[in-house]
$ cat structure.cif   # mmCIF, C-alpha atoms
data_upload
#
loop_
_atom_site.label_atom_id
_atom_site.label_comp_id
_atom_site.auth_asym_id
_atom_site.auth_seq_id
_atom_site.Cartn_x
_atom_site.Cartn_y
_atom_site.Cartn_z
CA MET A 267 149.58 138.99 117.55
CA SER A 268 151.80 142.07 117.44
CA ASP A 269 150.52 143.58 114.20
CA ALA A 270 146.80 143.95 113.45
CA ASN A 271 147.59 143.49 109.75
CA GLU A 272 149.07 140.04 110.31
CA ILE A 273 147.06 136.93 109.61
CA PRO A 274 146.87 134.59 112.63
CA ALA A 275 149.33 131.69 112.26
CA GLU A 276 146.49 129.17 112.36
CA VAL A 277 144.86 130.83 109.35
CA ALA A 278 148.16 131.18 107.47
CA ALA A 279 148.68 127.43 107.91
CA TRP A 280 145.41 126.71 106.06
CA ILE A 281 146.72 128.28 102.84
CA GLY A 282 147.27 125.53 100.25
CA GLN A 283 145.91 122.82 102.58
CA LYS A 284 143.21 120.38 101.44
CA ARG A 285 140.43 120.70 104.03
CA TYR A 286 136.96 119.40 104.75
CA GLU A 287 137.00 116.53 102.26
CA GLN A 288 133.49 115.12 102.29
CA GLU A 289 130.95 113.15 100.34
CA GLY A 290 127.61 114.74 99.53
CA GLU A 291 124.80 113.90 101.97
CA PHE A 292 122.63 112.55 99.14
CA ASP A 293 122.76 111.37 95.54
CA VAL A 294 122.32 113.79 92.67
CA GLU A 295 118.63 113.64 91.84
CA ARG A 296 116.24 114.91 89.23
CA GLY A 297 113.72 116.41 91.65
CA TYR A 298 116.18 119.09 92.66
CA VAL A 299 117.14 119.61 89.02
CA ALA A 300 113.50 120.38 88.24
CA THR A 301 113.22 122.70 91.26
CA THR A 302 116.28 124.62 90.12
CA CYS A 303 115.15 124.82 86.50
CA ALA A 304 111.72 126.01 87.64
CA SER A 305 113.28 128.72 89.82
CA VAL A 306 114.89 130.34 86.76
CA GLU A 307 112.39 129.14 84.14
CA ASN A 308 115.09 127.11 82.37
CA GLY A 309 113.37 125.10 79.63
CA ASN A 310 116.54 123.45 78.27
CA PRO A 311 115.29 120.10 76.88
CA LEU A 312 118.29 118.34 78.44
CA PHE A 313 116.47 118.61 81.78
CA TRP A 314 112.88 118.02 80.66
CA ASP A 315 112.91 115.82 77.54
CA GLU A 316 114.25 112.29 78.00
CA LYS A 317 114.74 111.69 74.27
CA ALA A 318 116.80 114.88 73.91
CA ALA A 319 118.81 113.96 77.01
CA ARG A 320 119.48 110.47 75.65
CA GLU A 321 120.55 111.75 72.23
CA ILE A 322 122.67 114.70 73.34
CA THR A 323 124.07 113.84 76.76
CA ASN A 324 123.67 110.06 76.77
CA GLY A 325 121.00 110.29 79.48
CA TRP A 326 119.84 112.79 82.09
CA ILE A 327 122.37 115.24 83.46
CA ALA A 328 122.14 118.01 86.06
CA PRO A 329 122.63 121.66 85.10
CA PRO A 330 126.35 122.31 85.38
CA THR A 331 125.80 125.36 87.57
CA MET A 332 124.23 123.13 90.25
CA LEU A 333 127.67 121.77 91.28
CA SER A 334 127.66 123.36 94.72
CA VAL A 335 124.01 122.51 95.33
CA TRP A 336 124.84 118.84 95.91
CA PHE A 337 126.92 119.72 98.96
CA ARG A 338 124.72 122.09 100.87
CA PRO A 339 123.55 120.06 103.83
CA HIS A 340 119.95 119.77 104.85
CA PHE A 341 118.83 122.53 107.18
CA TRP A 342 118.33 119.91 109.89
CA ALA A 343 119.34 116.30 110.30
CA PRO A 344 119.08 113.93 113.28
CA ASP A 345 122.18 113.42 115.38
CA ARG A 346 123.99 116.34 113.86
CA SER A 347 126.12 118.15 116.42
CA GLY A 348 126.61 121.81 115.62
CA ALA A 349 125.43 123.52 112.48
CA ALA A 350 127.08 122.08 109.38
CA GLN A 351 128.01 124.83 106.99
CA PRO A 352 128.75 124.64 103.28
CA LEU A 353 132.00 126.31 102.34
CA GLN A 354 133.21 125.81 105.89
CA VAL A 355 136.58 127.49 105.26
CA HIS A 356 134.70 130.73 104.57
CA PHE A 357 132.95 130.51 107.94
CA ASP A 358 136.17 129.50 109.69
CA LEU A 359 137.80 132.63 108.31
CA LYS A 360 134.96 134.84 109.57
CA GLU A 361 135.33 133.35 113.03
CA LYS A 362 139.13 133.30 113.28
CA LEU A 363 139.53 136.79 111.82
CA GLY A 364 136.70 138.22 113.96
CA LEU A 365 134.67 139.42 110.99
CA PRO A 366 130.94 139.00 111.71
CA GLU A 367 129.62 139.63 108.20
CA ALA A 368 130.71 138.33 104.81
CA VAL A 369 129.70 138.40 101.17
CA MET A 370 130.98 136.63 98.06
CA THR A 371 132.35 139.02 95.45
CA ASP A 372 133.72 136.74 92.70
CA ASP A 373 132.97 133.20 91.69
CA THR A 374 134.60 131.26 88.82
CA ILE A 375 133.30 127.80 87.96
CA THR A 376 135.08 125.43 85.58
CA PHE A 377 132.93 122.56 84.36
CA ARG A 378 134.36 119.16 83.48
CA ASP A 379 132.54 115.77 83.27
CA PRO A 380 128.74 116.10 83.36
CA VAL A 381 127.01 115.37 86.68
CA ARG A 382 124.23 112.78 86.44
CA PRO A 383 121.32 111.70 88.64
CA GLY A 384 122.57 108.92 90.91
CA ASP A 385 126.08 110.33 91.17
CA ARG A 386 127.53 110.73 94.66
CA LEU A 387 130.05 113.55 94.53
CA ARG A 388 132.99 114.34 96.77
CA THR A 389 134.44 117.75 97.48
CA TRP A 390 137.19 119.49 99.36
CA GLN A 391 138.23 123.10 99.95
CA VAL A 392 141.61 124.82 99.67
CA LEU A 393 142.26 128.34 100.97
CA ARG A 394 144.41 130.09 98.36
CA SER A 395 144.97 133.56 99.84
CA VAL A 396 143.92 136.15 102.44
CA SER A 397 144.38 139.87 101.71
CA PRO A 398 145.65 142.61 103.99
CA PRO A 399 142.87 144.66 105.65
CA LYS A 400 140.74 146.64 103.17
CA THR A 401 137.90 149.11 103.55
CA THR A 402 134.94 149.03 101.15
CA LYS A 403 131.49 150.61 101.26
CA LEU A 404 130.34 147.61 103.35
CA GLY A 405 132.95 147.98 106.06
CA THR A 406 136.53 147.01 106.91
CA GLY A 407 137.78 143.46 106.56
CA ARG A 408 139.71 141.09 104.32
CA PHE A 409 139.24 139.40 100.96
CA TRP A 410 139.99 135.69 100.65
CA VAL A 411 140.11 133.16 97.80
CA ILE A 412 138.91 129.58 98.26
CA ASP A 413 139.02 126.74 95.69
CA VAL A 414 136.37 124.06 95.94
CA GLU A 415 137.11 120.86 94.01
CA TYR A 416 134.36 118.44 92.97
CA VAL A 417 134.85 114.83 91.82
CA ASN A 418 132.41 112.02 91.05
CA GLN A 419 132.35 108.47 92.40
CA HIS A 420 134.73 107.42 89.60
CA GLY A 421 137.31 109.92 90.80
CA HIS A 422 136.80 112.11 87.72
CA SER A 423 136.72 115.86 88.15
CA VAL A 424 133.31 117.36 87.50
CA GLY A 425 134.45 120.89 88.22
CA THR A 426 136.27 123.46 90.31
CA GLU A 427 134.75 126.54 91.89
CA THR A 428 136.90 129.46 92.99
CA TYR A 429 135.26 131.93 95.36
CA THR A 430 136.43 135.34 96.48
CA GLY A 431 134.84 136.33 99.78
CA PHE A 432 134.95 139.59 101.71
CA GLY A 433 134.60 139.24 105.47
CA TYR A 434 133.96 142.54 107.21
CA ARG A 435 132.85 144.48 110.22
CA ARG A 436 130.36 147.26 109.59
CA ALA A 437 131.50 150.73 110.67
CA ALA A 438 128.99 150.80 113.54
CA GLN A 439 129.95 147.35 114.90
CA MET B 79 110.23 116.38 70.85
CA ASN B 80 110.07 119.72 69.04
CA ALA B 81 112.90 120.67 66.71
CA LEU B 82 115.83 121.63 68.88
CA ARG B 83 117.67 124.87 68.49
CA VAL B 84 121.23 124.14 67.29
CA LEU B 85 123.53 127.14 67.24
CA THR B 86 126.77 126.31 65.45
CA LEU B 87 130.06 128.17 65.74
CA ASP B 88 129.92 129.48 62.16
CA GLN B 89 126.69 131.35 63.02
CA VAL B 90 128.45 133.41 65.69
CA LYS B 91 130.91 136.29 65.43
CA PRO B 92 132.46 138.80 67.83
CA GLY B 93 130.18 141.75 68.47
CA ASP B 94 126.99 139.72 68.14
CA ALA B 95 124.43 140.56 70.81
CA LEU B 96 122.46 137.85 72.58
CA PRO B 97 118.70 138.44 72.82
CA GLU B 98 117.86 140.39 75.97
CA LEU B 99 115.95 138.81 78.82
CA ALA B 100 113.95 140.92 81.27
CA TYR B 101 112.53 139.47 84.48
CA ASP B 102 110.63 141.14 87.31
CA VAL B 103 112.07 139.89 90.60
CA THR B 104 109.74 139.28 93.53
CA ALA B 105 110.37 138.00 97.04
CA THR B 106 109.23 134.62 95.69
CA THR B 107 111.96 134.73 93.00
CA VAL B 108 114.61 135.31 95.67
CA VAL B 109 113.30 132.73 98.14
CA LEU B 110 112.57 130.10 95.51
CA GLY B 111 116.05 130.57 94.06
CA ALA B 112 117.72 130.33 97.46
CA LEU B 113 115.84 127.19 98.43
CA ALA B 114 116.36 125.63 94.97
CA SER B 115 120.08 126.05 95.55
CA ARG B 116 119.71 124.76 99.13
CA ASP B 117 120.95 128.04 100.56
CA TRP B 118 119.21 128.44 103.90
CA ARG B 119 121.06 131.56 104.99
CA PRO B 120 118.56 134.09 106.34
CA MET B 121 119.56 137.09 104.20
CA HIS B 122 117.94 135.28 101.29
CA HIS B 123 114.55 134.81 102.96
CA ASP B 124 114.35 137.01 106.08
CA LYS B 125 113.95 140.71 105.37
CA ASP B 126 114.59 141.78 109.00
CA PHE B 127 117.86 139.85 109.01
CA ALA B 128 118.94 141.31 105.65
CA GLN B 129 118.24 144.84 106.88
CA GLN B 130 119.67 144.52 110.38
CA ARG B 131 122.65 142.25 109.81
CA ASN B 132 123.61 142.92 106.19
CA GLY B 133 122.60 146.57 106.17
CA VAL B 134 120.70 146.26 102.89
CA ARG B 135 117.14 147.19 102.04
CA ASP B 136 115.69 143.72 101.55
CA ILE B 137 116.47 140.04 100.95
CA PHE B 138 118.66 139.59 97.87
CA MET B 139 119.41 136.93 95.27
CA ASN B 140 122.12 134.45 96.22
CA THR B 141 125.12 133.67 94.05
CA PRO B 142 124.33 130.02 93.15
CA ASN B 143 120.89 130.99 91.89
CA GLN B 144 122.39 133.82 89.86
CA ALA B 145 124.63 131.18 88.29
CA ALA B 146 121.50 129.22 87.36
CA TRP B 147 120.02 132.37 85.81
CA PHE B 148 123.17 132.91 83.73
CA GLU B 149 123.13 129.29 82.59
CA ARG B 150 119.51 129.62 81.51
CA TYR B 151 120.22 132.88 79.66
CA VAL B 152 123.19 131.43 77.76
CA THR B 153 121.58 128.11 76.88
CA ASP B 154 118.36 129.82 75.76
CA TRP B 155 120.66 131.28 73.09
CA THR B 156 122.79 128.22 72.29
CA GLY B 157 120.16 125.50 72.53
CA PRO B 158 120.91 122.20 74.28
CA TYR B 159 124.13 121.46 72.38
CA GLY B 160 125.76 124.47 74.04
CA ARG B 161 128.02 123.19 76.84
CA LEU B 162 129.33 125.52 79.51
CA GLY B 163 133.08 125.41 80.02
CA ARG B 164 133.69 128.19 82.48
CA MET B 165 131.76 131.01 84.12
CA GLN B 166 133.36 133.87 86.00
CA PHE B 167 131.07 136.12 88.00
CA ARG B 168 131.63 139.43 89.65
CA MET B 169 128.90 140.52 92.00
CA LYS B 170 128.86 144.31 92.06
CA ASP B 171 125.49 145.03 93.58
CA SER B 172 122.57 143.03 94.87
CA VAL B 173 119.30 142.18 93.14
CA PHE B 174 116.25 142.78 95.33
CA PRO B 175 112.51 142.12 95.14
CA GLY B 176 110.92 144.86 93.02
CA ASP B 177 113.91 145.03 90.68
CA ARG B 178 113.58 144.28 86.98
CA MET B 179 116.62 142.20 86.00
CA LEU B 180 117.79 142.76 82.44
CA PHE B 181 120.23 140.24 81.00
CA ARG B 182 122.42 141.44 78.15
CA GLY B 183 125.18 139.49 76.47
CA GLU B 184 127.75 140.02 73.77
CA VAL B 185 130.06 137.66 71.91
CA LYS B 186 133.64 138.73 72.65
CA GLY B 187 135.48 135.99 70.79
CA VAL B 188 135.11 132.83 68.76
CA ALA B 189 137.74 130.11 68.45
CA THR B 190 138.38 126.45 67.76
CA ASP B 191 140.89 124.81 70.11
CA ALA B 192 143.61 122.25 69.29
CA ALA B 193 141.17 119.41 70.00
CA GLY B 194 138.71 120.79 67.45
CA CYS B 195 136.23 122.09 70.01
CA GLY B 196 134.44 125.32 69.12
CA TRP B 197 134.23 128.02 71.77
CA ALA B 198 132.38 131.30 72.14
CA GLU B 199 133.51 133.78 74.78
CA LEU B 200 130.65 135.89 76.10
CA ALA B 201 130.34 138.94 78.31
CA VAL B 202 126.99 138.85 80.06
CA ARG B 203 125.60 141.40 82.50
CA VAL B 204 122.60 141.71 84.76
CA LEU B 205 121.38 145.28 84.96
CA VAL B 206 118.75 146.82 87.19
CA GLY B 207 117.95 150.17 85.56
CA GLU B 208 121.35 151.63 84.69
CA LYS B 209 123.10 149.74 87.49
CA VAL B 210 125.22 146.69 86.62
CA CYS B 211 124.56 144.18 89.41
CA THR B 212 126.51 141.18 88.17
CA GLU B 213 129.00 140.63 85.36
CA CYS B 214 129.66 137.16 84.03
CA ASN B 215 132.26 136.05 81.51
CA VAL B 216 131.18 132.79 79.95
CA ARG B 217 133.13 130.29 77.88
CA VAL B 218 130.66 128.02 76.12
CA ALA B 219 131.34 125.23 73.64
CA LEU B 220 129.26 125.14 70.45
CA PRO B 221 129.12 122.52 67.71
CA VAL B 222 131.53 123.42 64.91
CA ALA B 223 129.05 121.94 62.41
CA PRO B 224 125.74 120.05 62.49
CA GLY B 225 126.45 116.60 63.91
CA ASP B 226 129.24 117.79 66.21
CA ASN B 227 128.35 117.47 69.88
CA PRO B 228 130.47 119.19 72.56
CA TRP B 229 128.85 116.96 75.22
CA ALA B 230 130.61 113.93 73.71
CA ARG B 231 134.01 115.35 74.67
CA ARG B 232 135.97 113.93 77.61
CA GLY B 233 139.50 114.08 78.97
CA GLU B 234 142.01 115.68 76.62
CA ARG B 235 139.26 116.57 74.16
CA TRP B 236 137.53 118.86 76.70
CA LYS B 237 139.51 121.94 77.70
CA PRO B 238 137.22 124.32 79.57
CA GLU B 239 140.12 126.42 80.83
CA ALA B 240 140.80 129.20 78.36
#
$ encode --input "structure.cif" --output "structure tokens"
Amino acid sequence: MSDANEIPAEVAAWIGQKRYEQEGEFDVERGYVATTCASVENGNPLFWDEKAAREITNGWIAPPTMLSVWFRPHFWAPDRSGAAQPLQVHFDLKEKLGLPEAVMTDDTITFRDPVRPGDRLRTWQVLRSVSPPKTTKLGTGRFWVIDVEYVNQHGHSVGTETYTGFGYRRAAQ
Amino acid sequence: MNALRVLTLDQVKPGDALPELAYDVTATTVVLGALASRDWRPMHHDKDFAQQRNGVRDIFMNTPNQAAWFERYVTDWTGPYGRLGRMQFRMKDSVFPGDRMLFRGEVKGVATDAAGCGWAELAVRVLVGEKVCTECNVRVALPVAPGDNPWARRGERWKPEA
């Protein structure tokens, strides 16, 4: 690479490409809905009161903001080679751009069909852009934008999440 | 089932403030939220890692759990008929154990789309003291009248993109 500001060709080729299409490791389930609601003390009757859920949402649903939860792999699983990472494109970028640390700075979620217990969702990731080098209070690195699409077993979109990440190297590193 | 809160579009106007929500964050809040969102990354449960690798003072709340907090804050206000269409977050600073999170929200706009769906546009913030930690613009559908149910909308009748 002749110019430190250039993005490696391998990374540039990822832009606009559908990557890491996968099915969730497990079905959407109410136990995790309750755990999430408990963590933020969310008493919305849609998640606790079966009659309300039947009348309003035609049965139990999951909180819309749990979309990404259904794709984070278990911390450990038998026969798994290498550590599976959610939002793999983000981690690929850290590695290929040589940026050891990263944070998410922006996140936009668009919600479509409700997600229901028993659903098995599919997802894929698309890298949209990578910025020139920038320096912030955290360090020097690059911003990137990744779209994550989510569909249910009927092929209907349940949502899209757009993340902006900042991968960086701290000044002392 | 107790009487459900039903906030309808005609009850809302730009400039309205949502009720504030204050919450004292502990290490348990951060860890419980990270595990509830299946986020096993160590900066959300390992203080040494957060300090040494992230260069921050302590473990901090993860983004997916902040999304869950915003959802709870908004639907506390709307009641169960409120249906989220879109949320846009900007993380400006981290929330740590020992912080008191203060949620504040304001109605920025009210509209009915071509499909007859009522929408409120909200600006919500999480503050710790005077510091804004996270900003969130929320587009939430509300019934246009009693009997209307945004959750019944599908396909062309559901337009969460503004």
$ interface_residues --input "structure.cif" --of "chain A" --to "chain B" --cutoff "7 Å" --atoms "all atoms listed in the file" --output "ChimeraX atom specification"
/A:298,301-302,305-306,308,310-312,322-323,331,335,338,341,371-377,379
$ atom_distance --input "structure.cif" --atom1 "atom CA of A:Gly425" --atom2 "atom CA of A:Ile412"
14.0 Å
$ resolve_selection --input "structure.cif" --expression "the PyMOL selection byres ((chain A and resi 389) around 12)" --output "VMD selection string"
chain A and resid 284 to 291 333 to 338 352 to 354 386 to 388 390 to 392 413 to 419 421 to 427
$ residues_around --input "structure.cif" --residues "B:Pro221" --least-positions-apart "3" --cutoff "8 Å" --atoms "only C-alpha atoms" --output "PyMOL selection string"
chain B and resi 85-87+159-160+195-196+224-228
$ residues_around --input "structure.cif" --residues "A:Asp385" --least-positions-apart "3" --cutoff "6 Å" --atoms "all atoms listed in the file" --output "PyMOL selection string"
chain A and resi 293-294+382
$ atom_distance --input "structure.cif" --atom1 "atom CA of A:Trp314" --atom2 "atom CA of A:Val299"
9.5 Å
$ residues_around --input "structure.cif" --residues "A:Lys360" --least-positions-apart "4" --cutoff "12 Å" --atoms "all atoms listed in the file" --output "list in words"
Val277, Leu353, Gln354, Val355, His356, Gly364, Leu365, Pro366, Glu367, Ala368, Val369, Val396, Gly407, Arg408, Phe409, Trp410, Gly431, Phe432, Gly433, Tyr434 and Arg435 of chain A
$ axis_aligned_box --input "structure.cif" --around "stretch 87-96 of chain B" --padding-each-side "4 Å" --output "AutoDock Vina command-line options"
--center_x 127.5 --center_y 135.0 --center_z 67.4 --size_x 18.0 --size_y 21.6 --size_z 18.4
$ atom_distance --input "structure.cif" --atom1 "atom CA of B:Cys211" --atom2 "atom CA of B:Lys186"
19.8 Å
$ residues_around --input "structure.cif" --residues "B:Glu98" --least-positions-apart "5" --cutoff "9 Å" --atoms "only C-alpha atoms" --output "JSON, numbers by chain"
{"B": [151, 180, 181, 182, 183]}
$ resolve_selection --input "structure.cif" --expression "the PyMOL selection byres ((chain B and resi 136) around 9)" --output "list in words"
Met121, His122, Asp124, Lys125, Asp126, Phe127, Ala128, Gln129, Gly133, Val134, Arg135, Ile137, Phe138, Phe174 and Pro175 of chain B
$ resolve_selection --input "structure.cif" --expression "the PyMOL selection byres ((chain A and resi 399) around 9)" --output "JSON, numbers by chain"
{"A": [270, 271, 397, 398, 400, 401, 406, 407, 408, 409]}
$ residues_near_point --input "structure.cif" --point "(117.4, 150.3, 79.4)" --cutoff "12 Å" --atoms "all atoms listed in the file" --output "JSON, numbers by chain"
{"B": [98, 99, 100, 178, 179, 180, 181, 182, 204, 205, 206, 207, 208, 209, 210]}
$ closest_residue --input "structure.cif" --among "B:Asp88, B:Glu234, B:Asp94, B:Asp102" --to "B:Val173" --atoms "only C-alpha atoms"
B:Asp102
$ residues_near_point --input "structure.cif" --point "(138.3, 133.9, 73.7)" --cutoff "7 Å" --atoms "all atoms listed in the file" --output "list in words"
Lys186, Gly187, Val188, Ala189, Ala198 and Glu199 of chain B
$ build_atoms --input "structure.cif" --residues "stretch 168-191 of chain B" --atoms "N, CA and C atoms" --output "PDB file, keeping the file's coordinate frame"
ATOM      1  N   ARG B 168     131.260 138.387  88.697  1.00  0.00           N
ATOM      2  CA  ARG B 168     131.630 139.430  89.650  1.00  0.00           C
ATOM      3  C   ARG B 168     130.345 140.092  90.123  1.00  0.00           C
ATOM      4  N   MET B 169     130.101 139.932  91.422  1.00  0.00           N
ATOM      5  CA  MET B 169     128.900 140.520  92.000  1.00  0.00           C
ATOM      6  C   MET B 169     129.228 141.958  92.410  1.00  0.00           C
ATOM      7  N   LYS B 170     128.558 142.911  91.795  1.00  0.00           N
ATOM      8  CA  LYS B 170     128.860 144.310  92.060  1.00  0.00           C
ATOM      9  C   LYS B 170     127.790 144.953  92.933  1.00  0.00           C
ATOM     10  N   ASP B 171     126.589 144.489  92.781  1.00  0.00           N
ATOM     11  CA  ASP B 171     125.490 145.030  93.580  1.00  0.00           C
ATOM     12  C   ASP B 171     124.433 143.948  93.693  1.00  0.00           C
ATOM     13  N   SER B 172     123.545 144.089  94.620  1.00  0.00           N
ATOM     14  CA  SER B 172     122.570 143.030  94.870  1.00  0.00           C
ATOM     15  C   SER B 172     121.307 143.232  94.038  1.00  0.00           C
ATOM     16  N   VAL B 173     120.596 142.140  93.820  1.00  0.00           N
ATOM     17  CA  VAL B 173     119.300 142.180  93.140  1.00  0.00           C
ATOM     18  C   VAL B 173     118.230 141.901  94.190  1.00  0.00           C
ATOM     19  N   PHE B 174     117.265 142.815  94.279  1.00  0.00           N
ATOM     20  CA  PHE B 174     116.250 142.780  95.330  1.00  0.00           C
ATOM     21  C   PHE B 174     114.846 142.569  94.745  1.00  0.00           C
ATOM     22  N   PRO B 175     113.905 142.136  95.573  1.00  0.00           N
ATOM     23  CA  PRO B 175     112.510 142.120  95.140  1.00  0.00           C
ATOM     24  C   PRO B 175     112.097 143.526  94.665  1.00  0.00           C
ATOM     25  N   GLY B 176     111.330 143.573  93.595  1.00  0.00           N
ATOM     26  CA  GLY B 176     110.920 144.860  93.020  1.00  0.00           C
ATOM     27  C   GLY B 176     111.816 145.305  91.882  1.00  0.00           C
ATOM     28  N   ASP B 177     113.006 144.692  91.772  1.00  0.00           N
ATOM     29  CA  ASP B 177     113.910 145.030  90.680  1.00  0.00           C
ATOM     30  C   ASP B 177     113.481 144.323  89.398  1.00  0.00           C
ATOM     31  N   ARG B 178     113.697 144.964  88.272  1.00  0.00           N
ATOM     32  CA  ARG B 178     113.580 144.280  86.980  1.00  0.00           C
ATOM     33  C   ARG B 178     114.993 143.932  86.516  1.00  0.00           C
ATOM     34  N   MET B 179     115.304 142.633  86.491  1.00  0.00           N
ATOM     35  CA  MET B 179     116.620 142.200  86.000  1.00  0.00           C
ATOM     36  C   MET B 179     116.591 142.239  84.482  1.00  0.00           C
ATOM     37  N   LEU B 180     117.647 142.785  83.899  1.00  0.00           N
ATOM     38  CA  LEU B 180     117.790 142.760  82.440  1.00  0.00           C
ATOM     39  C   LEU B 180     119.109 142.081  82.104  1.00  0.00           C
ATOM     40  N   PHE B 181     119.027 140.958  81.428  1.00  0.00           N
ATOM     41  CA  PHE B 181     120.230 140.240  81.000  1.00  0.00           C
ATOM     42  C   PHE B 181     120.607 140.725  79.605  1.00  0.00           C
ATOM     43  N   ARG B 182     121.881 141.089  79.456  1.00  0.00           N
ATOM     44  CA  ARG B 182     122.420 141.440  78.150  1.00  0.00           C
ATOM     45  C   ARG B 182     123.716 140.680  77.962  1.00  0.00           C
ATOM     46  N   GLY B 183     123.947 140.227  76.744  1.00  0.00           N
ATOM     47  CA  GLY B 183     125.180 139.490  76.470  1.00  0.00           C
ATOM     48  C   GLY B 183     125.741 139.840  75.113  1.00  0.00           C
ATOM     49  N   GLU B 184     127.061 139.723  75.022  1.00  0.00           N
ATOM     50  CA  GLU B 184     127.750 140.020  73.770  1.00  0.00           C
ATOM     51  C   GLU B 184     128.826 138.974  73.536  1.00  0.00           C
ATOM     52  N   VAL B 185     128.994 138.582  72.274  1.00  0.00           N
ATOM     53  CA  VAL B 185     130.060 137.660  71.910  1.00  0.00           C
ATOM     54  C   VAL B 185     131.366 138.446  71.840  1.00  0.00           C
ATOM     55  N   LYS B 186     132.349 138.024  72.644  1.00  0.00           N
ATOM     56  CA  LYS B 186     133.640 138.730  72.650  1.00  0.00           C
ATOM     57  C   LYS B 186     134.676 138.020  71.788  1.00  0.00           C
ATOM     58  N   GLY B 187     134.504 136.723  71.588  1.00  0.00           N
ATOM     59  CA  GLY B 187     135.480 135.990  70.790  1.00  0.00           C
ATOM     60  C   GLY B 187     134.934 134.640  70.371  1.00  0.00           C
ATOM     61  N   VAL B 188     135.500 134.130  69.293  1.00  0.00           N
ATOM     62  CA  VAL B 188     135.110 132.830  68.760  1.00  0.00           C
ATOM     63  C   VAL B 188     136.390 132.105  68.375  1.00  0.00           C
ATOM     64  N   ALA B 189     136.497 130.829  68.745  1.00  0.00           N
ATOM     65  CA  ALA B 189     137.740 130.110  68.450  1.00  0.00           C
ATOM     66  C   ALA B 189     137.480 128.609  68.399  1.00  0.00           C
ATOM     67  N   THR B 190     138.381 127.908  67.733  1.00  0.00           N
ATOM     68  CA  THR B 190     138.380 126.450  67.760  1.00  0.00           C
ATOM     69  C   THR B 190     139.701 126.016  68.382  1.00  0.00           C
ATOM     70  N   ASP B 191     139.642 125.165  69.420  1.00  0.00           N
ATOM     71  CA  ASP B 191     140.890 124.810  70.110  1.00  0.00           C
ATOM     72  C   ASP B 191     141.614 123.656  69.394  1.00  0.00           C
TER      73      ASP B 191
END
